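structure_38.pdb (PDB, C-alpha atoms and all ligand atoms) appears below.
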```
ATOM      1  CA  MET L  20     -27.796   9.212 -15.778
ATOM      2  CA  ASN L  21     -27.892   5.685 -17.190
ATOM      3  CA  GLN L  22     -24.444   6.023 -18.708
ATOM      4  CA  ASN L  23     -23.062   7.442 -15.443
ATOM      5  CA  LEU L  24     -24.472   4.494 -13.559
ATOM      6  CA  LYS L  25     -22.990   1.944 -15.964
ATOM      7  CA  ASN L  26     -19.597   3.679 -15.756
ATOM      8  CA  VAL L  27     -19.655   3.612 -11.969
ATOM      9  CA  VAL L  28     -19.912  -0.173 -11.963
ATOM     10  CA  GLY L  29     -18.074  -1.156 -15.142
ATOM     11  CA  ASN L  30     -15.036   1.125 -15.071
ATOM     12  CA  ARG L  31     -13.784   0.079 -11.684
ATOM     13  CA  HIS L  32     -14.377  -3.643 -12.134
ATOM     14  CA  PRO L  33     -14.376  -5.119 -15.647
ATOM     15  CA  MET L  34     -15.697  -8.331 -14.116
ATOM     16  CA  LEU L  35     -18.837  -6.413 -13.265
ATOM     17  CA  LEU L  36     -19.214  -4.819 -16.697
ATOM     18  CA  ALA L  37     -21.675  -7.445 -17.882
ATOM     19  CA  ALA L  38     -23.481  -7.133 -14.579
ATOM     20  CA  ALA L  39     -23.712  -3.356 -15.086
ATOM     21  CA  GLU L  40     -25.397  -3.900 -18.428
ATOM     22  CA  GLN L  41     -27.855  -6.304 -16.819
ATOM     23  CA  ILE L  42     -28.469  -3.964 -13.894
ATOM     24  CA  PHE L  43     -28.726  -0.560 -15.527
ATOM     25  CA  GLY L  44     -29.547  -1.441 -19.143
ATOM     26  CA  ALA L  45     -33.052  -1.216 -20.599
ATOM     27  CA  GLY L  46     -35.958  -2.598 -18.584
ATOM     28  CA  GLY L  47     -36.170  -0.647 -15.340
ATOM     29  CA  LYS L  48     -38.804   2.085 -15.034
ATOM     30  CA  LYS L  49     -36.330   4.505 -13.371
ATOM     31  CA  LEU L  50     -39.246   5.746 -11.338
ATOM     32  CA  ARG L  51     -37.220   6.776  -8.294
ATOM     33  CA  PRO L  52     -34.819   9.115 -10.118
ATOM     34  CA  VAL L  53     -37.776  10.631 -11.979
ATOM     35  CA  ILE L  54     -39.485  11.351  -8.638
ATOM     36  CA  VAL L  55     -36.250  12.919  -7.317
ATOM     37  CA  PHE L  56     -35.984  15.109 -10.431
ATOM     38  CA  LEU L  57     -39.605  16.250 -10.118
ATOM     39  CA  VAL L  58     -39.307  17.118  -6.420
ATOM     40  CA  ALA L  59     -35.956  18.788  -7.091
ATOM     41  CA  HIS L  60     -37.483  20.857  -9.874
ATOM     42  CA  CYS L  61     -40.492  21.840  -7.812
ATOM     43  CA  THR L  62     -38.577  22.821  -4.680
ATOM     44  CA  ALA L  63     -35.773  24.543  -6.616
ATOM     45  CA  GLN L  64     -38.294  26.643  -8.475
ATOM     46  CA  ARG L  65     -39.969  27.587  -5.223
ATOM     47  CA  ALA L  66     -36.600  28.730  -3.855
ATOM     48  CA  GLY L  67     -35.818  30.729  -7.013
ATOM     49  CA  PHE L  68     -33.076  28.431  -8.440
ATOM     50  CA  LYS L  69     -32.849  28.576 -12.224
ATOM     51  CA  GLU L  70     -31.723  24.978 -12.766
ATOM     52  CA  LEU L  71     -31.191  21.737 -10.928
ATOM     53  CA  THR L  72     -27.816  21.471  -9.214
ATOM     54  CA  ASP L  73     -25.202  18.721  -9.662
ATOM     55  CA  LYS L  74     -26.139  17.537  -6.177
ATOM     56  CA  HIS L  75     -29.743  16.979  -7.259
ATOM     57  CA  ARG L  76     -28.496  14.908 -10.206
ATOM     58  CA  ARG L  77     -26.118  12.894  -8.090
ATOM     59  CA  LEU L  78     -28.895  12.272  -5.562
ATOM     60  CA  ALA L  79     -31.068  10.799  -8.336
ATOM     61  CA  GLU L  80     -28.211   8.458  -9.340
ATOM     62  CA  ILE L  81     -27.556   7.392  -5.755
ATOM     63  CA  THR L  82     -31.258   6.656  -5.270
ATOM     64  CA  GLU L  83     -31.369   4.384  -8.322
ATOM     65  CA  MET L  84     -28.103   2.743  -7.315
ATOM     66  CA  ILE L  85     -29.339   1.903  -3.808
ATOM     67  CA  HIS L  86     -32.640   0.631  -5.183
ATOM     68  CA  THR L  87     -30.876  -1.571  -7.722
ATOM     69  CA  ALA L  88     -28.443  -2.906  -5.099
ATOM     70  CA  SER L  89     -31.411  -3.935  -2.959
ATOM     71  CA  LEU L  90     -32.995  -5.755  -5.928
ATOM     72  CA  VAL L  91     -29.775  -7.615  -6.752
ATOM     73  CA  HIS L  92     -29.652  -8.876  -3.159
ATOM     74  CA  ASP L  93     -33.405  -9.460  -3.061
ATOM     75  CA  ASP L  94     -33.184 -11.749  -6.097
ATOM     76  CA  VAL L  95     -30.558 -13.814  -4.263
ATOM     77  CA  LEU L  96     -32.823 -14.158  -1.218
ATOM     78  CA  ASP L  97     -35.914 -14.866  -3.315
ATOM     79  CA  GLU L  98     -33.949 -17.194  -5.677
ATOM     80  CA  CYS L  99     -35.423 -15.266  -8.558
ATOM     81  CA  ASP L 100     -34.370 -15.845 -12.201
ATOM     82  CA  ILE L 101     -35.977 -12.928 -13.971
ATOM     83  CA  ARG L 102     -36.113  -9.182 -13.272
ATOM     84  CA  ARG L 103     -36.867  -6.230 -15.528
ATOM     85  CA  GLY L 104     -37.547  -8.770 -18.276
ATOM     86  CA  LYS L 105     -33.982 -10.097 -18.153
ATOM     87  CA  LYS L 106     -32.115 -12.901 -16.457
ATOM     88  CA  THR L 107     -30.923 -11.888 -12.971
ATOM     89  CA  ILE L 108     -27.254 -11.651 -11.952
ATOM     90  CA  ASN L 109     -27.641 -14.615  -9.598
ATOM     91  CA  SER L 110     -29.106 -16.785 -12.350
ATOM     92  CA  MET L 111     -26.384 -15.817 -14.876
ATOM     93  CA  TYR L 112     -23.252 -15.588 -12.742
ATOM     94  CA  GLY L 113     -24.224 -17.252  -9.464
ATOM     95  CA  THR L 114     -24.918 -16.096  -5.941
ATOM     96  CA  ARG L 115     -21.347 -15.046  -5.186
ATOM     97  CA  VAL L 116     -21.126 -12.545  -8.031
ATOM     98  CA  ALA L 117     -24.622 -11.240  -7.224
ATOM     99  CA  VAL L 118     -23.774 -10.701  -3.555
ATOM    100  CA  LEU L 119     -20.549  -8.925  -4.513
ATOM    101  CA  ALA L 120     -22.236  -6.798  -7.169
ATOM    102  CA  GLY L 121     -24.928  -5.719  -4.683
ATOM    103  CA  ASP L 122     -22.326  -5.017  -1.982
ATOM    104  CA  PHE L 123     -20.285  -3.033  -4.463
ATOM    105  CA  LEU L 124     -23.295  -0.912  -5.412
ATOM    106  CA  PHE L 125     -24.182  -0.254  -1.751
ATOM    107  CA  ALA L 126     -20.559   0.687  -1.010
ATOM    108  CA  GLN L 127     -20.297   2.903  -4.063
ATOM    109  CA  SER L 128     -23.546   4.674  -3.241
ATOM    110  CA  SER L 129     -22.308   5.345   0.333
ATOM    111  CA  TRP L 130     -19.178   6.895  -1.103
ATOM    112  CA  PHE L 131     -21.133   9.150  -3.468
ATOM    113  CA  LEU L 132     -23.476  10.007  -0.628
ATOM    114  CA  ALA L 133     -20.609  11.050   1.639
ATOM    115  CA  ASN L 134     -19.193  13.173  -1.189
ATOM    116  CA  LEU L 135     -22.355  15.239  -1.329
ATOM    117  CA  ASP L 136     -20.975  16.810   1.874
ATOM    118  CA  ASN L 137     -24.340  17.206   3.537
ATOM    119  CA  LEU L 138     -24.805  15.593   6.928
ATOM    120  CA  GLU L 139     -28.602  15.967   6.855
ATOM    121  CA  VAL L 140     -28.789  13.991   3.596
ATOM    122  CA  ILE L 141     -26.244  11.393   4.772
ATOM    123  CA  LYS L 142     -28.418  10.737   7.826
ATOM    124  CA  LEU L 143     -31.602  10.522   5.767
ATOM    125  CA  ILE L 144     -30.272   8.089   3.161
ATOM    126  CA  SER L 145     -28.211   5.874   5.455
ATOM    127  CA  GLN L 146     -31.332   5.280   7.561
ATOM    128  CA  VAL L 147     -32.902   3.769   4.407
ATOM    129  CA  ILE L 148     -30.303   1.006   4.182
ATOM    130  CA  ALA L 149     -31.004   0.050   7.818
ATOM    131  CA  ASP L 150     -34.733   0.122   7.001
ATOM    132  CA  PHE L 151     -34.236  -2.312   4.083
ATOM    133  CA  ALA L 152     -32.605  -4.831   6.379
ATOM    134  CA  ASN L 153     -35.354  -4.270   8.960
ATOM    135  CA  GLY L 154     -38.108  -4.770   6.349
ATOM    136  CA  GLU L 155     -36.507  -7.863   4.903
ATOM    137  CA  ILE L 156     -36.114  -9.395   8.387
ATOM    138  CA  SER L 157     -39.702  -8.667   9.465
ATOM    139  CA  GLN L 158     -40.955 -10.077   6.150
ATOM    140  CA  ALA L 159     -38.914 -13.259   6.636
ATOM    141  CA  ALA L 160     -40.261 -13.544  10.202
ATOM    142  CA  SER L 161     -43.893 -13.235   9.119
ATOM    143  CA  LEU L 162     -44.067 -15.677   6.174
ATOM    144  CA  PHE L 163     -47.350 -17.631   6.150
ATOM    145  CA  ASP L 164     -48.445 -15.739   9.302
ATOM    146  CA  THR L 165     -52.193 -15.386   8.770
ATOM    147  CA  ASP L 166     -52.471 -13.127  11.851
ATOM    148  CA  ILE L 167     -50.531 -10.363  10.123
ATOM    149  CA  THR L 168     -52.381  -7.041  10.467
ATOM    150  CA  LEU L 169     -52.772  -4.307   7.892
ATOM    151  CA  GLU L 170     -50.670  -2.090  10.119
ATOM    152  CA  GLN L 171     -47.802  -4.605  10.147
ATOM    153  CA  TYR L 172     -48.089  -4.899   6.363
ATOM    154  CA  LEU L 173     -47.876  -1.110   5.967
ATOM    155  CA  ASP L 174     -44.864  -0.942   8.328
ATOM    156  CA  LYS L 175     -43.092  -3.609   6.317
ATOM    157  CA  SER L 176     -43.956  -1.793   3.081
ATOM    158  CA  PHE L 177     -42.616   1.428   4.523
ATOM    159  CA  TYR L 178     -39.294  -0.219   5.307
ATOM    160  CA  LYS L 179     -38.823  -2.021   2.041
ATOM    161  CA  THR L 180     -40.156   0.620  -0.378
ATOM    162  CA  ALA L 181     -41.433   3.926   0.982
ATOM    163  CA  SER L 182     -38.441   4.754   3.173
ATOM    164  CA  LEU L 183     -36.120   5.201   0.162
ATOM    165  CA  ILE L 184     -38.618   7.313  -1.788
ATOM    166  CA  ALA L 185     -39.460   9.475   1.262
ATOM    167  CA  ALA L 186     -35.814  10.058   2.186
ATOM    168  CA  SER L 187     -34.793  10.884  -1.370
ATOM    169  CA  CYS L 188     -37.711  13.324  -1.808
ATOM    170  CA  ARG L 189     -36.755  15.080   1.414
ATOM    171  CA  SER L 190     -33.095  15.119   0.353
ATOM    172  CA  ALA L 191     -34.045  16.764  -2.947
ATOM    173  CA  ALA L 192     -35.784  19.493  -0.925
ATOM    174  CA  VAL L 193     -32.676  19.850   1.270
ATOM    175  CA  PHE L 194     -30.554  20.555  -1.824
ATOM    176  CA  SER L 195     -33.022  23.302  -2.797
ATOM    177  CA  ASP L 196     -32.484  25.011   0.604
ATOM    178  CA  SER L 197     -36.158  24.421   1.426
ATOM    179  CA  PRO L 198     -37.674  25.452   4.779
ATOM    180  CA  VAL L 199     -38.536  22.692   7.225
ATOM    181  CA  GLU L 200     -42.262  22.588   6.350
ATOM    182  CA  VAL L 201     -41.442  21.931   2.676
ATOM    183  CA  LYS L 202     -38.888  19.264   3.602
ATOM    184  CA  GLU L 203     -41.482  17.536   5.784
ATOM    185  CA  ALA L 204     -44.145  17.787   3.104
ATOM    186  CA  MET L 205     -41.798  16.236   0.518
ATOM    187  CA  TYR L 206     -40.971  13.409   2.925
ATOM    188  CA  ASN L 207     -44.691  12.735   3.385
ATOM    189  CA  TYR L 208     -45.282  12.913  -0.357
ATOM    190  CA  GLY L 209     -42.551  10.301  -0.918
ATOM    191  CA  LYS L 210     -43.742   8.125   1.949
ATOM    192  CA  HIS L 211     -47.377   7.917   0.816
ATOM    193  CA  LEU L 212     -46.460   7.693  -2.862
ATOM    194  CA  GLY L 213     -44.111   4.847  -1.936
ATOM    195  CA  LEU L 214     -46.810   3.044   0.051
ATOM    196  CA  ALA L 215     -49.318   3.457  -2.802
ATOM    197  CA  PHE L 216     -46.635   2.133  -5.176
ATOM    198  CA  GLN L 217     -46.045  -0.976  -3.038
ATOM    199  CA  VAL L 218     -49.763  -1.719  -2.601
ATOM    200  CA  VAL L 219     -50.185  -1.494  -6.394
ATOM    201  CA  ASP L 220     -47.106  -3.682  -6.865
ATOM    202  CA  ASP L 221     -48.706  -6.264  -4.602
ATOM    203  CA  ILE L 222     -51.972  -6.103  -6.574
ATOM    204  CA  LEU L 223     -50.131  -6.527  -9.891
ATOM    205  CA  ASP L 224     -48.509  -9.676  -8.519
ATOM    206  CA  PHE L 225     -52.040 -11.165  -8.507
ATOM    207  CA  THR L 226     -53.361  -9.674 -11.723
ATOM    208  CA  GLN L 227     -50.566  -9.469 -14.312
ATOM    209  CA  SER L 228     -48.550 -12.041 -16.251
ATOM    210  CA  THR L 229     -44.819 -12.701 -15.855
ATOM    211  CA  GLU L 230     -44.283 -11.171 -19.333
ATOM    212  CA  GLN L 231     -46.026  -7.941 -18.306
ATOM    213  CA  LEU L 232     -44.211  -7.689 -14.983
ATOM    214  CA  GLY L 233     -40.744  -8.695 -16.184
ATOM    215  CA  LYS L 234     -40.530 -10.745 -12.975
ATOM    216  CA  PRO L 235     -42.304 -13.968 -11.914
ATOM    217  CA  GLN L 236     -46.035 -13.534 -11.285
ATOM    218  CA  GLY L 237     -47.754 -14.878  -8.153
ATOM    219  CA  GLN L 238     -44.474 -14.960  -6.244
ATOM    220  CA  ASP L 239     -45.703 -13.256  -3.073
ATOM    221  CA  LEU L 240     -48.478 -15.640  -2.089
ATOM    222  CA  ALA L 241     -46.507 -18.729  -3.153
ATOM    223  CA  SER L 242     -43.598 -17.724  -0.912
ATOM    224  CA  GLY L 243     -45.909 -16.919   2.025
ATOM    225  CA  ASN L 244     -45.460 -13.156   1.764
ATOM    226  CA  LEU L 245     -48.993 -12.040   2.656
ATOM    227  CA  THR L 246     -49.782  -8.692   1.032
ATOM    228  CA  ALA L 247     -52.817  -6.388   1.014
ATOM    229  CA  PRO L 248     -55.088  -8.457  -1.323
ATOM    230  CA  ALA L 249     -54.525 -11.614   0.732
ATOM    231  CA  ILE L 250     -54.853  -9.820   4.081
ATOM    232  CA  PHE L 251     -58.236  -8.353   3.092
ATOM    233  CA  ALA L 252     -59.516 -11.662   1.691
ATOM    234  CA  LEU L 253     -58.363 -13.525   4.821
ATOM    235  CA  ARG L 254     -60.812 -11.468   6.896
ATOM    236  CA  LYS L 255     -63.673 -12.981   4.900
ATOM    237  CA  SER L 256     -62.592 -16.489   4.023
ATOM    238  CA  PRO L 257     -61.858 -19.186   6.643
ATOM    239  CA  GLU L 258     -61.051 -21.555   3.755
ATOM    240  CA  LEU L 259     -58.258 -19.204   2.607
ATOM    241  CA  LEU L 260     -56.937 -19.137   6.159
ATOM    242  CA  ASP L 261     -56.746 -22.950   6.227
ATOM    243  CA  ILE L 262     -55.033 -23.186   2.861
ATOM    244  CA  ILE L 263     -52.396 -20.566   3.690
ATOM    245  CA  SER L 264     -51.775 -21.987   7.176
ATOM    246  CA  SER L 265     -51.063 -25.378   5.597
ATOM    247  CA  GLU L 266     -48.544 -23.676   3.254
ATOM    248  CA  PHE L 267     -50.139 -25.010   0.033
ATOM    249  CA  VAL L 268     -49.211 -28.649   0.655
ATOM    250  CA  GLU L 269     -52.239 -29.996  -1.221
ATOM    251  CA  ASP L 270     -52.296 -30.154  -5.021
ATOM    252  CA  GLY L 271     -54.204 -27.279  -6.588
ATOM    253  CA  SER L 272     -54.394 -25.330  -3.313
ATOM    254  CA  MET L 273     -52.353 -22.444  -4.708
ATOM    255  CA  GLU L 274     -54.854 -21.942  -7.566
ATOM    256  CA  ARG L 275     -57.725 -22.189  -5.085
ATOM    257  CA  ALA L 276     -56.092 -19.543  -2.857
ATOM    258  CA  LEU L 277     -55.708 -17.157  -5.808
ATOM    259  CA  GLN L 278     -59.366 -17.691  -6.658
ATOM    260  CA  LEU L 279     -60.419 -17.006  -3.043
ATOM    261  CA  VAL L 280     -58.413 -13.781  -2.899
ATOM    262  CA  ARG L 281     -60.228 -12.585  -6.032
ATOM    263  CA  GLU L 282     -63.708 -13.802  -5.017
ATOM    264  CA  ASN L 283     -63.496 -12.181  -1.585
ATOM    265  CA  GLY L 284     -62.777  -8.716  -2.925
ATOM    266  CA  GLY L 285     -59.093  -8.678  -1.917
ATOM    267  CA  ILE L 286     -58.061  -6.851  -5.086
ATOM    268  CA  GLU L 287     -60.789  -4.175  -4.815
ATOM    269  CA  GLU L 288     -60.079  -3.454  -1.151
ATOM    270  CA  ALA L 289     -56.367  -3.219  -1.858
ATOM    271  CA  ARG L 290     -57.123  -0.720  -4.623
ATOM    272  CA  LEU L 291     -59.007   1.423  -2.091
ATOM    273  CA  LEU L 292     -56.000   1.273   0.223
ATOM    274  CA  ALA L 293     -53.717   2.424  -2.607
ATOM    275  CA  ARG L 294     -56.179   5.246  -3.335
ATOM    276  CA  GLN L 295     -56.099   6.351   0.343
ATOM    277  CA  GLN L 296     -52.306   6.489   0.302
ATOM    278  CA  ALA L 297     -52.379   8.348  -3.006
ATOM    279  CA  ASP L 298     -54.721  10.963  -1.506
ATOM    280  CA  LEU L 299     -52.314  11.468   1.410
ATOM    281  CA  ALA L 300     -49.495  11.990  -1.112
ATOM    282  CA  LEU L 301     -51.596  14.568  -2.974
ATOM    283  CA  ALA L 302     -52.449  16.383   0.287
ATOM    284  CA  ALA L 303     -48.732  16.775   1.004
ATOM    285  CA  LEU L 304     -48.358  18.853  -2.170
ATOM    286  CA  GLU L 305     -50.594  21.630  -0.917
ATOM    287  CA  CYS L 306     -47.759  23.689   0.574
ATOM    288  CA  LEU L 307     -46.177  24.041  -2.886
ATOM    289  CA  PRO L 308     -47.067  26.841  -5.285
ATOM    290  CA  GLU L 309     -49.433  25.828  -8.100
ATOM    291  CA  GLY L 310     -47.661  25.419 -11.442
ATOM    292  CA  PRO L 311     -46.378  22.857 -13.941
ATOM    293  CA  SER L 312     -43.953  21.186 -11.478
ATOM    294  CA  ARG L 313     -46.647  20.613  -8.880
ATOM    295  CA  ARG L 314     -48.881  19.306 -11.661
ATOM    296  CA  SER L 315     -46.175  16.796 -12.602
ATOM    297  CA  LEU L 316     -45.977  15.555  -9.015
ATOM    298  CA  ARG L 317     -49.747  15.037  -9.113
ATOM    299  CA  LEU L 318     -49.491  13.178 -12.420
ATOM    300  CA  MET L 319     -46.870  10.916 -10.842
ATOM    301  CA  VAL L 320     -49.485   9.879  -8.268
ATOM    302  CA  ASP L 321     -51.915   9.019 -11.102
ATOM    303  CA  TYR L 322     -49.211   7.024 -12.855
ATOM    304  CA  VAL L 323     -48.426   5.016  -9.719
ATOM    305  CA  LEU L 324     -52.113   4.095  -9.346
ATOM    306  CA  GLU L 325     -52.730   3.327 -12.996
ATOM    307  CA  ARG L 326     -49.531   1.537 -14.012
ATOM    308  CA  ILE L 327     -49.972  -2.002 -15.246
ATOM    309  CA  TYR L 328     -46.403  -3.306 -14.855
TER     310      TYR L 328
HETATM  311  C1  LIG I 401     -38.091  -6.199  -2.913
HETATM  312  O1  LIG I 401     -39.162  -6.851  -2.367
HETATM  313  C2  LIG I 401     -37.125  -5.963  -1.801
HETATM  314  C3  LIG I 401     -36.617  -4.780  -1.417
HETATM  315  C4  LIG I 401     -36.955  -3.531  -2.105
HETATM  316  C5  LIG I 401     -35.676  -4.689  -0.271
HETATM  317  C6  LIG I 401     -34.535  -5.624  -0.403
HETATM  318  C7  LIG I 401     -33.646  -5.540   0.772
HETATM  319  C8  LIG I 401     -32.729  -6.437   1.052
HETATM  320  C9  LIG I 401     -32.485  -7.640   0.209
HETATM  321  C10 LIG I 401     -31.924  -6.253   2.270
HETATM  322  C11 LIG I 401     -30.610  -5.648   1.926
HETATM  323  C12 LIG I 401     -29.806  -5.678   3.129
HETATM  324  C13 LIG I 401     -28.983  -4.703   3.560
HETATM  325  C14 LIG I 401     -28.234  -4.860   4.825
HETATM  326  C15 LIG I 401     -28.794  -3.445   2.813
HETATM  327  P1  LIG I 401     -39.937  -8.038  -3.113
HETATM  328  O2  LIG I 401     -39.136  -9.270  -3.094
HETATM  329  O3  LIG I 401     -41.277  -8.108  -2.471
HETATM  330  O4  LIG I 401     -40.100  -7.403  -4.553
HETATM  331  P2  LIG I 401     -40.018  -8.041  -5.998
HETATM  332  O5  LIG I 401     -41.384  -8.568  -6.271
HETATM  333  O6  LIG I 401     -39.709  -6.870  -6.899
HETATM  334  O7  LIG I 401     -38.973  -9.064  -6.017
HETATM  335 MG    MG I 402     -38.244 -10.345  -4.651
HETATM  336 MG    MG I 403     -38.130 -10.195  -1.545
END
```

Re-express the file's structure as structure tokens.
Amino acid sequence: MNQNLKNVVGNRHPMLLAAAEQIFGAGGKKLRPVIVFLVAHCTAQRAGFKELTDKHRRLAEITEMIHTASLVHDDVLDECDIRRGKKTINSMYGTRVAVLAGDFLFAQSSWFLANLDNLEVIKLISQVIADFANGEISQAASLFDTDITLEQYLDKSFYKTASLIAASCRSAAVFSDSPVEVKEAMYNYGKHLGLAFQVVDDILDFTQSTEQLGKPQGQDLASGNLTAPAIFALRKSPELLDIISSEFVEDGSMERALQLVRENGGIEEARLLARQQADLALAALECLPEGPSRRSLRLMVDYVLERIY
């Protein structure tokens, strides 16, 4: 899959060859294609298929391609220099190349998507790209907004993360000719797994180092992106509310805010939220027959909760 992805970018545009290496080389967890493969395996087995089809494989590639395109553009918006432990395209080649490389990946993934010749899947996946834009816009509109509710945070997280995972899980079920109840269950599995993933991602931003994450630590709070740990701590700490509302103008206020998030149980409450979402993902698996594939989908939920980078 990795080699296919590099070829897609590099063969057509030699100028983007170096970018392809940066984008699809070592570093990424490739979590989304793994989830697609597991759901594909599970649903195909249920339907009596012997092996995964080429469409399942191509779906996994498209999912990673769309995800990566969104990160290339995200790093432009966030002016970020490091991703997956490597320098970003925007920091190496400038904003123009990064915008073009991201556009190219989105365009190429649309083309591959159309060539899967399945209108149901085209509708599912193209909705995701609209959701990304929606999520990014609502995030930009709510920076430093201390009135943000948990519900708004979960909506935003759905748009920017869970939508892609949910749609690609459902699409994998579509390519296994699954009945509607299995397709819906796989969508819900992907949605809640995706939300758990994002909540954990937001916790790690507070708890891990830049080296561990492969991207800058503490970015969310500093840029005014209020995530679960901060939202929970805000309910308990008027001092935190003041500091965030004043956008960290005073020296040392950023460090103080981080301390207040920790002292007011923001991390612990966010972990409970991730656990709730993980349980909803597990519940969605109940319509599948017990067996090694279903066990793998359960293990994926454990991994998402326990990962440290
Ligand atoms: C990462 O969030 C951001 C995304 C997954 C979505 C990015 C979407 C866009 C840039 C919009 C693309 C627009 C169109 C029209 C397709 P983050 O910055 O919180 O994550 P990070 O910590 O990994 O950087
Ligand atoms: Mg970012
Ligand atoms: Mg961002």

Legend entry - Residues returned when the PyMOL selection byres (((chain L and resi 88-99) around 9) and not hetatm) runs on this file, as a PyMOL selection string: chain L and resi 42+83-87+100-102+106-110+113-114+117-118+120-125+148+151+155+234-235+242

Inset, instruction - Could you tell me which residues the PyMOL selection byres (((chain L and resi 281-287) around 6) and not hetatm) returns for this structure, as JSON, numbers by chain? - result: {"L": [248, 251, 252, 278, 279, 280, 288, 289, 290]}

Legend entry - Within 10 Å of file point (-34.5, 7.6, -12.2), counting all atoms listed in the file, expressed as an MDAnalysis selection string: chainID L and resid 20:21 47:56 76 78:84

Inset, instruction - Report the residues retrieved by the PyMOL selection byres (((chain L and resi 162) around 8) and not hetatm) from the displayed file, expressed as a list in words. - result: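 Applying the PyMOL selection byres (((chain L and resi 162) around 8) and not hetatm) to the structure shown produces Gln158, Ala159, Ala160, Ser161, Phe163, Asp164, Ser242, Gly243, Asn244 and Leu245 of chain L.
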
Using all atoms of range 37-54 of chain L that appear in the file, construct an axis-aligned enclosing box with 5 Å of padding on every side and provide its centre coordinates and edge lengths in Å, rounded to one decimal, as JSON.
```
{"center_x": -30.6, "center_y": 2.0, "center_z": -14.4, "size_x": 27.8, "size_y": 28.8, "size_z": 22.3}
```

Legend entry - Residue with smallest distance to ligand MG 402 (chain I) - pool L:Gly67, L:Gly213, L:Gly233, L:Gly46, counting only C-alpha atoms and all ligand atoms: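 Selected residue with least distance to ligand MG 402 (chain I): L:Gly233.
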
Counting only C-alpha atoms, which residues in range 86-188 of chain L sit no more than 12 Å from range 296-304 of chain L? For each one, give the nearest pair of atoms and the distance in Å, sorted by chain then residue number, as JSON lines.
```
{"residue": "L:Leu173", "atom": "CA", "partner": "L:Gln296", "partner_atom": "CA", "distance": 10.5}
{"residue": "L:Phe177", "atom": "CA", "partner": "L:Gln296", "partner_atom": "CA", "distance": 11.7}
{"residue": "L:Ala181", "atom": "CA", "partner": "L:Gln296", "partner_atom": "CA", "distance": 11.2}
{"residue": "L:Ile184", "atom": "CA", "partner": "L:Ala300", "partner_atom": "CA", "distance": 11.9}
{"residue": "L:Ala185", "atom": "CA", "partner": "L:Ala300", "partner_atom": "CA", "distance": 10.6}
{"residue": "L:Cys188", "atom": "CA", "partner": "L:Ala300", "partner_atom": "CA", "distance": 11.9}
```

Inset, instruction - Could you check how far CA of Gln227 in chain L sits from CA of Ile250 in chain L, in Å to one decimal? - result: 18.9 Å

Legend entry - L:Asp221, L:Glu203, L:Glu40, L:Glu139 ranked by distance to ligand MG 403 (chain I), top pick (using all atoms listed in the file):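 Looking at the shortest contact to ligand MG 403 (chain I), the residue is L:Asp221.
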
Legend entry - Between CA of Asn23 in chain L and CA of Ala39 in chain L - distance in Å to one decimal: 10.8 Å

Inset, instruction - Might you pull out every residue within 8 Å of Ser315 in chain L, with only C-alpha atoms counted and same-chain residues fewer than 4 positions away left off, and present them as a list in words? - result: Leu57, Pro311 and Met319 of chain L

Inset, instruction - One decimal, Å: what's the distance from CA of Tyr206 in chain L over to CA of Arg189 in chain L, could you say? - result: 4.8 Å

Inset, instruction - Tell me which of L:Leu318, L:Leu277, L:Val58, L:Ala241 sits closest to ligand MG 402 (chain I), counting only C-alpha atoms and all ligand atoms. - result: L:Ala241

Legend entry - Nearest-residue call for ligand LIG 401 (chain I), choices L:Leu316, L:Leu223, L:Cys306, L:Leu259, using all atoms listed in the file: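 Of L:Leu316, L:Leu223, L:Cys306, L:Leu259, the one nearest ligand LIG 401 (chain I) is L:Leu223, counting all atoms listed in the file.
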
Inset, instruction - Name all residues at most 10 Å from Asp220 in chain L (count only C-alpha atoms; drop same-chain ones fewer than 4 positions away) and give them as a PyMOL selection string. - result: chain L and resi 214-216+224-226+232+246+293+323-324+326-328

Legend entry - Given all atoms listed in the file as the counted atoms, nearest of L:Gly237, L:Gly44, L:Pro257, L:Gly310 to ligand MG 402 (chain I): L:Gly237
